[in-house]
$ cat structure_2.cif   # mmCIF, C-alpha atoms
data_target
#
loop_
_atom_site.label_atom_id
_atom_site.label_comp_id
_atom_site.auth_asym_id
_atom_site.auth_seq_id
_atom_site.Cartn_x
_atom_site.Cartn_y
_atom_site.Cartn_z
CA MET F 2 0.00 0.00 0.00
CA ARG F 3 1.28 3.48 -0.84
CA ARG F 4 2.20 5.66 2.08
CA ARG F 5 0.19 8.85 2.37
CA SER F 6 1.65 12.05 3.67
CA ARG F 7 -0.02 13.40 6.80
CA ALA F 8 -1.87 16.12 4.89
CA ALA F 9 -2.80 13.86 2.02
CA ALA F 10 -4.28 11.32 4.39
CA GLY F 11 -6.21 14.07 6.12
CA LEU F 12 -7.54 15.34 2.80
CA ALA F 13 -8.62 11.94 1.67
CA VAL F 14 -11.12 11.88 -0.44
CA LEU F 15 -13.90 14.13 -1.13
CA ALA F 16 -14.04 17.66 -2.43
CA LEU F 17 -17.26 19.56 -2.09
CA VAL F 18 -17.46 21.67 -5.21
CA ALA F 19 -20.07 24.31 -5.80
CA ALA F 20 -22.41 23.25 -8.57
CA GLY F 21 -21.71 24.88 -11.89
CA CYS F 22 -17.93 24.56 -11.88
CA GLY F 23 -16.81 24.51 -15.47
CA GLN F 24 -16.50 27.23 -18.04
CA GLY F 25 -16.36 30.50 -16.19
CA GLY F 26 -16.94 28.67 -12.88
CA ASN F 27 -15.80 30.12 -9.58
CA VAL F 28 -14.54 27.60 -7.07
CA SER F 29 -14.06 29.92 -4.13
CA GLU F 30 -16.56 27.73 -2.28
CA VAL F 31 -14.46 24.56 -2.69
CA GLU F 32 -14.20 22.71 0.60
CA VAL F 33 -11.78 19.87 1.22
CA MET F 34 -13.05 17.43 3.80
CA GLY F 35 -10.95 15.78 6.48
CA THR F 36 -12.86 12.50 6.45
CA ALA F 37 -14.69 10.66 3.75
CA THR F 38 -18.36 9.82 3.77
CA ALA F 39 -19.86 7.25 1.46
CA ALA F 40 -21.44 8.97 -1.48
CA PRO F 41 -21.52 8.11 -5.16
CA THR F 42 -19.69 10.39 -7.57
CA GLY F 43 -21.93 13.26 -8.60
CA SER F 44 -24.44 12.95 -5.77
CA VAL F 45 -25.77 16.09 -4.10
CA ILE F 46 -25.64 16.76 -0.37
CA ASP F 47 -26.85 20.04 1.13
CA GLY F 48 -27.08 21.59 -2.30
CA LYS F 49 -23.47 20.86 -3.26
CA VAL F 50 -22.17 18.39 -5.79
CA ILE F 51 -19.81 15.80 -4.31
CA PHE F 52 -16.99 14.39 -6.40
CA THR F 53 -15.01 11.39 -5.20
CA ILE F 54 -11.25 11.79 -5.55
CA ASP F 55 -9.65 8.74 -7.12
CA GLY F 56 -6.31 8.40 -5.37
CA VAL F 57 -4.48 10.85 -3.15
CA PRO F 58 -1.12 12.40 -4.07
CA ASP F 59 1.63 11.13 -1.79
CA VAL F 60 4.95 12.75 -0.87
CA VAL F 61 7.35 9.85 -1.39
CA ALA F 62 10.64 11.68 -1.01
CA THR F 63 12.40 14.99 -0.55
CA VAL F 64 14.33 15.62 -3.74
CA ALA F 65 16.43 18.42 -2.25
CA SER F 66 16.36 20.69 0.80
CA GLY F 67 18.07 23.85 1.99
CA LEU F 68 17.51 25.65 -1.31
CA ALA F 69 17.08 29.42 -1.70
CA THR F 70 13.76 30.22 -3.38
CA PRO F 71 13.79 27.65 -6.19
CA TRP F 72 11.71 28.96 -9.09
CA GLY F 73 12.06 27.06 -12.36
CA ILE F 74 12.27 23.29 -12.92
CA ASP F 75 12.74 21.44 -16.20
CA PHE F 76 14.18 18.05 -17.05
CA LEU F 77 17.15 16.84 -19.05
CA PRO F 78 16.82 13.78 -21.28
CA ASP F 79 18.60 11.64 -18.66
CA GLY F 80 15.98 12.44 -15.98
CA ARG F 81 18.01 14.99 -14.02
CA ALA F 82 16.44 18.39 -13.49
CA VAL F 83 17.71 21.91 -14.08
CA VAL F 84 16.53 24.16 -11.26
CA THR F 85 16.89 27.93 -10.89
CA GLU F 86 17.11 29.93 -7.66
CA ARG F 87 15.42 33.30 -7.93
CA ASP F 88 17.54 35.42 -5.61
CA SER F 89 20.98 33.81 -5.89
CA GLY F 90 20.97 33.49 -9.68
CA ARG F 91 22.29 29.94 -9.26
CA VAL F 92 21.56 27.17 -11.72
CA LEU F 93 21.44 23.70 -10.18
CA VAL F 94 21.32 20.24 -11.70
CA ILE F 95 19.57 17.76 -9.40
CA THR F 96 19.65 14.00 -9.71
CA PRO F 97 16.35 12.50 -8.49
CA PRO F 98 16.38 10.24 -5.45
CA GLN F 99 15.83 6.54 -5.89
CA VAL F 100 12.30 5.53 -4.91
CA GLY F 101 11.05 1.96 -4.71
CA GLY F 102 7.98 0.55 -6.41
CA ASN F 103 4.44 1.32 -5.30
CA GLY F 104 5.50 4.75 -4.08
CA ALA F 105 7.79 3.41 -1.33
CA THR F 106 9.26 6.34 0.57
CA THR F 107 12.94 7.12 0.90
CA LYS F 108 14.91 9.34 3.25
CA GLU F 109 17.71 9.78 0.73
CA GLU F 110 17.73 13.06 -1.17
CA GLY F 111 18.92 13.61 -4.71
CA LYS F 112 22.35 14.93 -5.63
CA VAL F 113 22.52 18.71 -6.06
CA VAL F 114 25.27 20.26 -8.21
CA GLU F 115 25.69 23.98 -8.88
CA VAL F 116 26.60 24.24 -12.56
CA GLY F 117 26.82 28.01 -12.81
CA THR F 118 25.03 31.31 -12.39
CA ILE F 119 23.27 33.79 -14.64
CA PRO F 120 25.40 36.88 -13.93
CA GLU F 121 22.85 39.33 -15.35
CA THR F 122 20.39 38.48 -12.57
CA ALA F 123 19.21 41.53 -10.61
CA PRO F 124 17.11 40.15 -7.75
CA GLY F 125 14.70 42.28 -5.79
CA GLY F 126 11.07 41.87 -4.78
CA GLU F 127 9.64 39.25 -7.15
CA ALA F 128 12.42 39.70 -9.70
CA GLY F 129 15.45 37.50 -10.23
CA LEU F 130 16.29 34.29 -12.08
CA LEU F 131 12.91 32.75 -12.87
CA GLY F 132 11.88 30.16 -15.47
CA VAL F 133 13.96 27.51 -17.20
CA ALA F 134 13.34 25.41 -20.31
CA VAL F 135 15.56 22.66 -21.68
CA SER F 136 15.91 22.69 -25.46
CA PRO F 137 13.89 19.95 -27.20
CA ALA F 138 17.09 19.32 -29.16
CA PHE F 139 19.28 19.17 -26.06
CA ALA F 140 20.89 15.89 -27.11
CA SER F 141 22.44 17.70 -30.07
CA ASP F 142 22.64 21.37 -29.04
CA GLY F 143 23.08 21.13 -25.22
CA LEU F 144 21.13 24.37 -24.71
CA VAL F 145 19.12 25.49 -21.69
CA TYR F 146 16.96 28.63 -21.76
CA PHE F 147 16.31 30.99 -18.84
CA TYR F 148 14.03 33.92 -18.04
CA VAL F 149 16.00 36.50 -16.08
CA CYS F 150 15.26 39.92 -14.64
CA THR F 151 18.20 42.29 -15.20
CA ASP F 152 18.80 45.90 -14.21
CA ASP F 153 17.48 47.02 -17.58
CA ASP F 154 14.82 44.54 -18.67
CA ASN F 155 13.42 41.06 -18.44
CA ARG F 156 14.88 38.75 -21.04
CA VAL F 157 15.24 35.21 -22.29
CA VAL F 158 18.81 33.95 -22.46
CA ARG F 159 20.41 30.61 -23.17
CA ALA F 160 23.60 28.78 -22.35
CA LYS F 161 25.14 25.43 -23.19
CA LEU F 162 25.25 22.85 -20.42
CA THR F 163 28.24 20.56 -20.80
CA GLY F 164 28.65 18.00 -18.05
CA ASP F 165 28.42 19.93 -14.80
CA ARG F 166 29.34 23.30 -16.30
CA LEU F 167 27.12 26.00 -17.72
CA GLY F 168 28.73 27.96 -20.53
CA ALA F 169 28.54 31.61 -21.55
CA VAL F 170 25.12 33.25 -21.55
CA GLU F 171 23.68 34.44 -24.86
CA PRO F 172 20.63 36.75 -25.12
CA VAL F 173 17.68 35.37 -27.08
CA LEU F 174 14.86 37.89 -26.50
CA THR F 175 15.47 41.22 -24.75
CA GLY F 176 13.44 44.33 -23.94
CA ILE F 177 10.59 42.78 -21.97
CA PRO F 178 9.52 45.43 -19.39
CA ASN F 179 10.66 44.64 -15.85
CA GLY F 180 9.63 45.54 -12.34
CA ARG F 181 9.98 44.49 -8.73
CA ILE F 182 6.57 42.81 -9.00
CA HIS F 183 4.58 40.94 -11.66
CA ASP F 184 7.45 39.81 -13.87
CA GLY F 185 5.75 36.63 -15.07
CA GLY F 186 8.72 34.41 -15.82
CA ARG F 187 7.51 30.96 -16.83
CA ILE F 188 8.97 29.64 -20.09
CA ALA F 189 8.30 26.31 -21.80
CA PHE F 190 8.72 24.69 -25.18
CA GLY F 191 5.37 23.70 -26.65
CA PRO F 192 4.45 20.59 -28.60
CA ASP F 193 5.07 22.65 -31.75
CA GLY F 194 8.73 23.16 -30.80
CA TYR F 195 8.40 26.90 -30.18
CA LEU F 196 9.24 28.64 -26.91
CA TYR F 197 6.35 30.19 -24.98
CA VAL F 198 7.18 33.04 -22.59
CA ALA F 199 4.81 34.26 -19.86
CA THR F 200 5.25 37.88 -18.80
CA GLY F 201 3.65 40.17 -16.23
CA GLU F 202 2.51 43.77 -16.45
CA THR F 203 5.13 44.84 -13.86
CA GLY F 204 2.51 46.66 -11.80
CA ASP F 205 1.58 48.97 -14.71
CA ASP F 206 -1.91 47.78 -15.69
CA GLN F 207 -1.96 49.61 -19.00
CA LEU F 208 0.99 47.64 -20.37
CA ALA F 209 -1.32 44.61 -20.50
CA ARG F 210 -3.59 46.61 -22.84
CA ASP F 211 -0.77 47.79 -25.08
CA LYS F 212 -0.29 45.32 -27.94
CA ALA F 213 3.08 46.91 -28.74
CA SER F 214 4.43 46.04 -25.28
CA TYR F 215 5.64 42.56 -24.35
CA ALA F 216 4.41 43.02 -20.77
CA GLY F 217 1.23 41.26 -19.64
CA LYS F 218 1.42 38.80 -22.53
CA ILE F 219 2.17 35.24 -23.50
CA LEU F 220 4.83 35.30 -26.22
CA ARG F 221 5.70 32.62 -28.77
CA ILE F 222 9.17 32.66 -30.31
CA SER F 223 11.62 30.44 -32.12
CA ALA F 224 14.60 28.93 -30.32
CA ASP F 225 16.62 31.86 -31.71
CA GLY F 226 14.22 34.50 -30.38
CA VAL F 227 12.36 35.64 -33.48
CA PRO F 228 8.53 35.66 -33.61
CA ALA F 229 7.24 32.20 -34.44
CA PRO F 230 5.41 31.75 -37.74
CA GLY F 231 1.64 31.87 -37.43
CA ASN F 232 1.58 34.32 -34.51
CA PRO F 233 -1.66 36.34 -34.68
CA PHE F 234 -0.17 39.85 -34.86
CA GLY F 235 3.04 39.19 -36.77
CA ASP F 236 5.21 39.83 -33.70
CA ALA F 237 5.99 37.64 -30.69
CA VAL F 238 2.61 38.14 -28.97
CA TRP F 239 0.44 35.00 -28.71
CA SER F 240 -2.18 36.30 -26.25
CA TRP F 241 -2.63 39.54 -24.32
CA GLY F 242 -4.53 41.28 -21.52
CA HIS F 243 -2.80 39.27 -18.77
CA ARG F 244 -1.90 40.50 -15.30
CA ASN F 245 0.82 38.05 -14.22
CA VAL F 246 1.06 34.59 -15.76
CA GLN F 247 3.38 32.18 -13.93
CA GLY F 248 2.14 28.78 -15.09
CA LEU F 249 2.07 27.17 -18.54
CA ALA F 250 1.08 23.60 -19.41
CA TRP F 251 -0.25 21.64 -22.39
CA ASP F 252 -2.79 18.85 -22.00
CA ASP F 253 -2.86 15.61 -24.00
CA LYS F 254 -4.86 17.32 -26.76
CA GLY F 255 -2.16 19.94 -27.22
CA LEU F 256 -4.24 22.73 -25.63
CA LEU F 257 -2.32 25.41 -23.73
CA TRP F 258 -3.38 26.34 -20.20
CA ALA F 259 -2.12 29.20 -18.04
CA SER F 260 -2.43 30.08 -14.37
CA GLU F 261 -2.67 33.78 -13.62
CA PHE F 262 -2.62 35.97 -10.54
CA GLY F 263 -5.60 38.19 -9.98
CA GLN F 264 -5.55 41.19 -7.67
CA ASP F 265 -8.20 41.17 -4.92
CA LYS F 266 -11.10 39.26 -6.45
CA ALA F 267 -10.07 36.25 -8.51
CA ASP F 268 -7.08 34.21 -9.61
CA GLU F 269 -7.58 32.46 -12.93
CA LEU F 270 -7.04 29.29 -14.91
CA ASN F 271 -7.25 30.14 -18.62
CA ARG F 272 -7.26 28.11 -21.79
CA ILE F 273 -5.05 30.10 -24.11
CA VAL F 274 -6.27 30.84 -27.62
CA PRO F 275 -3.94 32.76 -29.97
CA GLY F 276 -4.83 36.41 -30.42
CA GLU F 277 -7.37 36.47 -27.60
CA ASP F 278 -7.62 39.30 -25.07
CA TYR F 279 -7.93 38.07 -21.46
CA GLY F 280 -9.20 41.39 -20.19
CA TRP F 281 -6.84 42.74 -17.54
CA PRO F 282 -7.33 45.30 -16.02
CA VAL F 283 -10.86 45.82 -17.35
CA VAL F 284 -12.00 42.44 -16.03
CA GLU F 285 -10.72 40.38 -13.10
CA GLY F 286 -12.14 36.88 -13.08
CA THR F 287 -15.40 36.28 -14.92
CA GLY F 288 -17.78 38.83 -16.39
CA GLY F 289 -17.34 41.97 -18.42
CA PRO F 290 -17.87 42.53 -22.14
CA ALA F 291 -18.03 39.47 -24.36
CA LYS F 292 -14.93 40.54 -26.29
CA TYR F 293 -12.78 39.43 -23.34
CA THR F 294 -11.96 35.73 -23.05
CA GLN F 295 -13.33 34.23 -19.85
CA PRO F 296 -11.30 32.10 -17.42
CA LEU F 297 -12.50 28.51 -17.08
CA LEU F 298 -11.93 28.46 -13.32
CA THR F 299 -11.33 31.14 -10.72
CA TRP F 300 -10.26 31.11 -7.08
CA SER F 301 -10.11 33.69 -4.35
CA PRO F 302 -6.47 34.78 -3.86
CA ASP F 303 -6.32 33.31 -0.36
CA GLU F 304 -7.01 29.87 -1.87
CA ALA F 305 -4.55 30.17 -4.69
CA SER F 306 -2.13 32.90 -5.83
CA PRO F 307 -1.19 30.36 -8.50
CA SER F 308 2.27 29.89 -9.91
CA GLY F 309 3.47 26.63 -11.46
CA LEU F 310 1.23 24.44 -13.62
CA ALA F 311 1.74 20.91 -14.94
CA TYR F 312 -0.32 18.28 -16.73
CA ALA F 313 -0.23 14.61 -15.73
CA GLY F 314 -2.68 11.73 -15.72
CA GLY F 315 -5.65 13.63 -17.13
CA TYR F 316 -5.31 16.47 -14.62
CA LEU F 317 -3.80 19.91 -14.38
CA TRP F 318 -1.76 20.36 -11.21
CA MET F 319 -1.43 23.93 -9.94
CA ALA F 320 0.87 25.12 -7.16
CA ALA F 321 -0.56 27.81 -4.89
CA LEU F 322 1.57 30.32 -3.00
CA ASN F 323 -0.77 32.20 -0.67
CA GLY F 324 -3.16 29.22 -0.71
CA GLU F 325 -0.35 26.87 0.43
CA ARG F 326 -1.87 23.91 -1.40
CA LEU F 327 -1.61 21.85 -4.55
CA TRP F 328 -4.70 21.96 -6.76
CA ARG F 329 -5.69 19.05 -8.99
CA ILE F 330 -8.15 19.86 -11.80
CA LYS F 331 -9.70 17.36 -14.17
CA VAL F 332 -9.31 18.16 -17.87
CA ALA F 333 -11.39 16.72 -20.71
CA ASP F 334 -12.03 18.07 -24.21
CA GLY F 335 -10.92 21.58 -23.36
CA GLN F 336 -13.05 21.86 -20.24
CA VAL F 337 -12.12 21.60 -16.56
CA SER F 338 -13.94 20.29 -13.50
CA ASP F 339 -13.60 18.67 -10.09
CA PRO F 340 -10.93 20.92 -8.52
CA ALA F 341 -9.50 19.34 -5.39
CA ALA F 342 -6.89 20.71 -2.97
CA TYR F 343 -4.07 18.82 -1.26
CA PHE F 344 -1.60 19.66 1.54
CA ALA F 345 -3.78 22.58 2.70
CA GLY F 346 -4.22 23.38 6.38
CA GLU F 347 -7.59 22.75 7.96
CA LYS F 348 -9.84 25.71 8.79
CA GLY F 349 -7.32 28.39 7.86
CA ALA F 350 -4.27 26.72 9.39
CA PRO F 351 -1.01 26.91 7.41
CA GLY F 352 -0.51 24.32 4.71
CA GLU F 353 1.68 21.34 5.50
CA TYR F 354 4.54 22.56 3.31
CA GLY F 355 3.83 26.30 3.21
CA ARG F 356 3.95 28.30 -0.02
CA LEU F 357 4.16 26.16 -3.15
CA ARG F 358 5.80 27.68 -6.21
CA THR F 359 6.40 25.21 -9.02
CA VAL F 360 5.03 21.83 -10.01
CA ALA F 361 6.64 19.94 -12.88
CA ARG F 362 6.04 16.49 -14.36
CA ALA F 363 9.19 14.37 -14.36
CA PRO F 364 9.95 11.88 -17.16
CA ASP F 365 8.92 9.01 -14.86
CA GLY F 366 5.43 10.50 -14.43
CA ARG F 367 5.94 11.72 -10.88
CA LEU F 368 5.65 15.39 -9.92
CA TRP F 369 8.32 17.66 -8.49
CA LEU F 370 6.81 20.30 -6.20
CA SER F 371 8.88 23.18 -4.84
CA THR F 372 8.25 25.31 -1.77
CA SER F 373 8.78 29.08 -1.72
CA ASN F 374 9.06 29.87 1.96
CA LYS F 375 12.27 31.91 1.66
CA ASP F 376 10.79 34.35 -0.85
CA GLY F 377 10.20 37.04 1.78
CA ARG F 378 6.54 36.14 2.26
CA GLY F 379 6.71 32.72 3.83
CA THR F 380 7.78 31.20 7.13
CA PRO F 381 10.76 28.92 6.44
CA GLY F 382 11.03 25.57 8.17
CA ASP F 383 14.22 23.69 8.96
CA GLN F 384 14.37 22.04 5.53
CA ASP F 385 13.22 24.97 3.40
CA ASP F 386 13.24 25.63 0.68
CA ARG F 387 12.79 22.12 -0.68
CA ILE F 388 11.55 20.13 -3.61
CA LEU F 389 9.16 17.28 -2.88
CA LEU F 390 8.61 14.17 -4.99
CA ILE F 391 4.92 13.45 -5.46
CA GLU F 392 3.29 10.21 -6.52
CA PRO F 393 0.16 11.63 -8.22
#
$ encode --input "structure_2.cif" --output "structure tokens"
Amino acid sequence: MRRRSRAAAGLAVLALVAAGCGQGGNVSEVEVMGTATAAPTGSVIDGKVIFTIDGVPDVVATVASGLATPWGIDFLPDGRAVVTERDSGRVLVITPPQVGGNGATTKEEGKVVEVGTIPETAPGGEAGLLGVAVSPAFASDGLVYFYVCTDDDNRVVRAKLTGDRLGAVEPVLTGIPNGRIHDGGRIAFGPDGYLYVATGETGDDQLARDKASYAGKILRISADGVPAPGNPFGDAVWSWGHRNVQGLAWDDKGLLWASEFGQDKADELNRIVPGEDYGWPVVEGTGGPAKYTQPLLTWSPDEASPSGLAYAGGYLWMAALNGERLWRIKVADGQVSDPAAYFAGEKGAPGEYGRLRTVARAPDGRLWLSTSNKDGRGTPGDQDDRILLIEP
């Protein structure tokens, strides 16, 4: 039998989800129960729809501990991960721990090697060394891409990783507006082979409305930094009207999803359609004129403040900072349902692992989940910051 973490065992089982969750649904009324009661999937109790959770995510190992605000995670072809630290500018390569079958736990951590730094990094507030993406052609080109906040701008850079050494840094895309807040920062290669870049509006709302600005956008570029063919406006912009996107993931149908910070009312999960306007700052959450694309799910910021996003096993997995929980969201045919929270504290208590920044699917199908308790807004524990290995 798989071992359950203390929080996972406590969360076992049922999520009470307000009826109507789906397109444009708001799940601020989601409740995660501490004990299960027998009820068939889809039954209604006290006016709420009950969904049975099939399986509970288990923490089976600590991949690494004692890190300093880990931000980006992506995987090399051999299963090791490249991890960035926001404030130090360090780039780490981490070998995963060995875990037995059936989710057997291990006390052994993975091997952590510092392979270099990104010297342009100018940390401060939410800025620093953020996302990382391993080239799809890494076996032949050895390249790793990074999103970094500098003194002058936010930019995408790349460097060759040879053995345990990161080579010279080369700029790929420069001139993205920067700020001490709302820098976006997630980058990922899509199924089409192009690099997608999530940016924030840097605290200047109107930059999200300015099509000529790369702030408050999702960008799509080639590996060499030029606008990808087929982009809707002929430049690098793929979608616009975003406040601060920090999560990108594709489902098994090739659809792109993004997690986005709201302000006071609603954080969002959006399905990204090229050329669409997602409404910030005119609209936060659902509603507003029809010309703005609606989120498919929203949360109150105290339940979410979403950052990393991954797809695995038919679900989107979303790491929540202020919410201190891991959200699992069912995906089918471009729609989402059945959001369930894990590792959250009961009745407003802190989550078991604190602020959660990034979730990434490893080549073996497990999830890597990083804490962000040293980011100036959390309460670090003895092992923080750390990366946890999750059996989904």
$ resolve_selection --input "structure_2.cif" --expression "the PyMOL selection byres ((chain F and resi 275) around 8)" --output "MDAnalysis selection string"
chainID F and resid 232:233 239:240 273:274 276:277
$ closest_atom_pairs --input "structure_2.cif" --of "region 160-187 of chain F" --to "region 309-323 of chain F" --cutoff "12 Å" --atoms "all atoms listed in the file" --output "JSON lines"
{"residue": "F:Gly185", "atom": "CA", "partner": "F:Gly309", "partner_atom": "CA", "distance": 10.9}
{"residue": "F:Gly186", "atom": "CA", "partner": "F:Gly309", "partner_atom": "CA", "distance": 10.3}
{"residue": "F:Arg187", "atom": "CA", "partner": "F:Gly309", "partner_atom": "CA", "distance": 8.0}
$ closest_residue --input "structure_2.cif" --among "F:Asp383, F:Glu269, F:Asp165, F:Asp75" --to "Tyr354 (chain F)" --atoms "all atoms listed in the file"
F:Asp383
$ atom_distance --input "structure_2.cif" --atom1 "CA of Arg210 (chain F)" --atom2 "CA of Gly242 (chain F)"
5.6 Å
$ atom_distance --input "structure_2.cif" --atom1 "CA of Gln264 (chain F)" --atom2 "CA of Arg244 (chain F)"
8.5 Å
$ closest_residue --input "structure_2.cif" --among "F:Arg356, F:His183, F:Arg387, F:Arg159" --to "Gln247 (chain F)" --atoms "only C-alpha atoms"
F:His183
$ resolve_selection --input "structure_2.cif" --expression "the PyMOL selection byres ((chain F and resi 81) around 10)" --output "compact mmCIF listing (two decimals) with C-alpha atoms, keeping the file's coordinate frame"
# COMPACT_ATOMS: atom_id res chain seq x y z
CA ASP F 75 12.74 21.44 -16.20
CA PHE F 76 14.18 18.05 -17.05
CA LEU F 77 17.15 16.84 -19.05
CA PRO F 78 16.82 13.78 -21.28
CA ASP F 79 18.60 11.64 -18.66
CA GLY F 80 15.98 12.44 -15.98
CA ALA F 82 16.44 18.39 -13.49
CA VAL F 83 17.71 21.91 -14.08
CA VAL F 84 16.53 24.16 -11.26
CA VAL F 94 21.32 20.24 -11.70
CA ILE F 95 19.57 17.76 -9.40
CA THR F 96 19.65 14.00 -9.71
CA PRO F 97 16.35 12.50 -8.49
CA PRO F 98 16.38 10.24 -5.45
CA GLY F 111 18.92 13.61 -4.71
CA LYS F 112 22.35 14.93 -5.63
CA VAL F 113 22.52 18.71 -6.06
CA ALA F 363 9.19 14.37 -14.36
CA PRO F 364 9.95 11.88 -17.16
$ atom_distance --input "structure_2.cif" --atom1 "CA of Trp281 (chain F)" --atom2 "CA of Glu127 (chain F)"
19.8 Å
$ axis_aligned_box --input "structure_2.cif" --around "region 64-71 of chain F" --padding-each-side "8 Å" --output "AutoDock Vina command-line options"
--center_x 15.9 --center_y 22.9 --center_z -2.1 --size_x 20.3 --size_y 30.6 --size_z 24.2
$ closest_residue --input "structure_2.cif" --among "F:Gly366, F:Gly129, F:Gly168, F:Pro230" --to "Asp152 (chain F)" --atoms "all atoms listed in the file"
F:Gly129
$ residues_near_point --input "structure_2.cif" --point "(-1.6, 32.1, -12.3)" --cutoff "6 Å" --atoms "all atoms listed in the file" --output "number ranges by chain"
F: 246-248, 260-262, 307-308
$ closest_residue --input "structure_2.cif" --among "F:Gly126, F:Pro192, F:Pro290, F:Pro393" --to "Arg329 (chain F)" --atoms "all atoms listed in the file"
F:Pro393
$ residues_around --input "structure_2.cif" --residues "Val92 (chain F)" --least-positions-apart "6" --cutoff "9 Å" --atoms "all atoms listed in the file" --output "ChimeraX atom specification"
/F:83-86,114-119,130,167
$ residues_near_point --input "structure_2.cif" --point "(18.8, 14.7, 1.8)" --cutoff "8 Å" --atoms "all atoms listed in the file" --output "PDB file with C-alpha atoms, in the coordinates of the input"
ATOM      1  CA  THR F  63      12.400  14.990  -0.550  1.00  0.00           C
ATOM      2  CA  VAL F  64      14.330  15.620  -3.740  1.00  0.00           C
ATOM      3  CA  ALA F  65      16.430  18.420  -2.250  1.00  0.00           C
ATOM      4  CA  SER F  66      16.360  20.690   0.800  1.00  0.00           C
ATOM      5  CA  LYS F 108      14.910   9.340   3.250  1.00  0.00           C
ATOM      6  CA  GLU F 109      17.710   9.780   0.730  1.00  0.00           C
ATOM      7  CA  GLU F 110      17.730  13.060  -1.170  1.00  0.00           C
ATOM      8  CA  GLY F 111      18.920  13.610  -4.710  1.00  0.00           C
TER       9      GLY F 111
END
$ closest_residue --input "structure_2.cif" --among "F:Arg358, F:Arg156, F:Arg181, F:Lys292" --to "Tyr215 (chain F)" --atoms "all atoms listed in the file"
F:Arg156
$ resolve_selection --input "structure_2.cif" --expression "the PyMOL selection byres ((chain F and resi 279) around 6)" --output "ChimeraX atom specification"
/F:242-243,278,280,293-294
$ write_last_selection --input "structure_2.cif" --atoms "C-alpha atoms" --output "CSV table (one decimal), in the coordinates of the input"
chain,number,residue,atom,x,y,z
F,242,GLY,CA,-4.5,41.3,-21.5
F,243,HIS,CA,-2.8,39.3,-18.8
F,278,ASP,CA,-7.6,39.3,-25.1
F,280,GLY,CA,-9.2,41.4,-20.2
F,293,TYR,CA,-12.8,39.4,-23.3
F,294,THR,CA,-12.0,35.7,-23.0
$ residues_around --input "structure_2.cif" --residues "region 367-377 of chain F" --least-positions-apart "5" --cutoff "6 Å" --atoms "all atoms listed in the file" --output "list of chain:residue names"
F:Thr70, F:Arg356, F:Leu357, F:Arg358, F:Thr359, F:Val360, F:Ala361, F:Arg362, F:Asp386, F:Arg387, F:Ile388, F:Leu389, F:Leu390, F:Ile391, F:Glu392
$ residues_around --input "structure_2.cif" --residues "region 170-174 of chain F" --least-positions-apart "5" --cutoff "9 Å" --atoms "all atoms listed in the file" --output "ChimeraX atom specification"
/F:119-121,146,155-161,222,224-227
$ closest_residue --input "structure_2.cif" --among "F:Phe234, F:Phe147, F:Trp328, F:Tyr195" --to "Thr299 (chain F)" --atoms "all atoms listed in the file"
F:Trp328
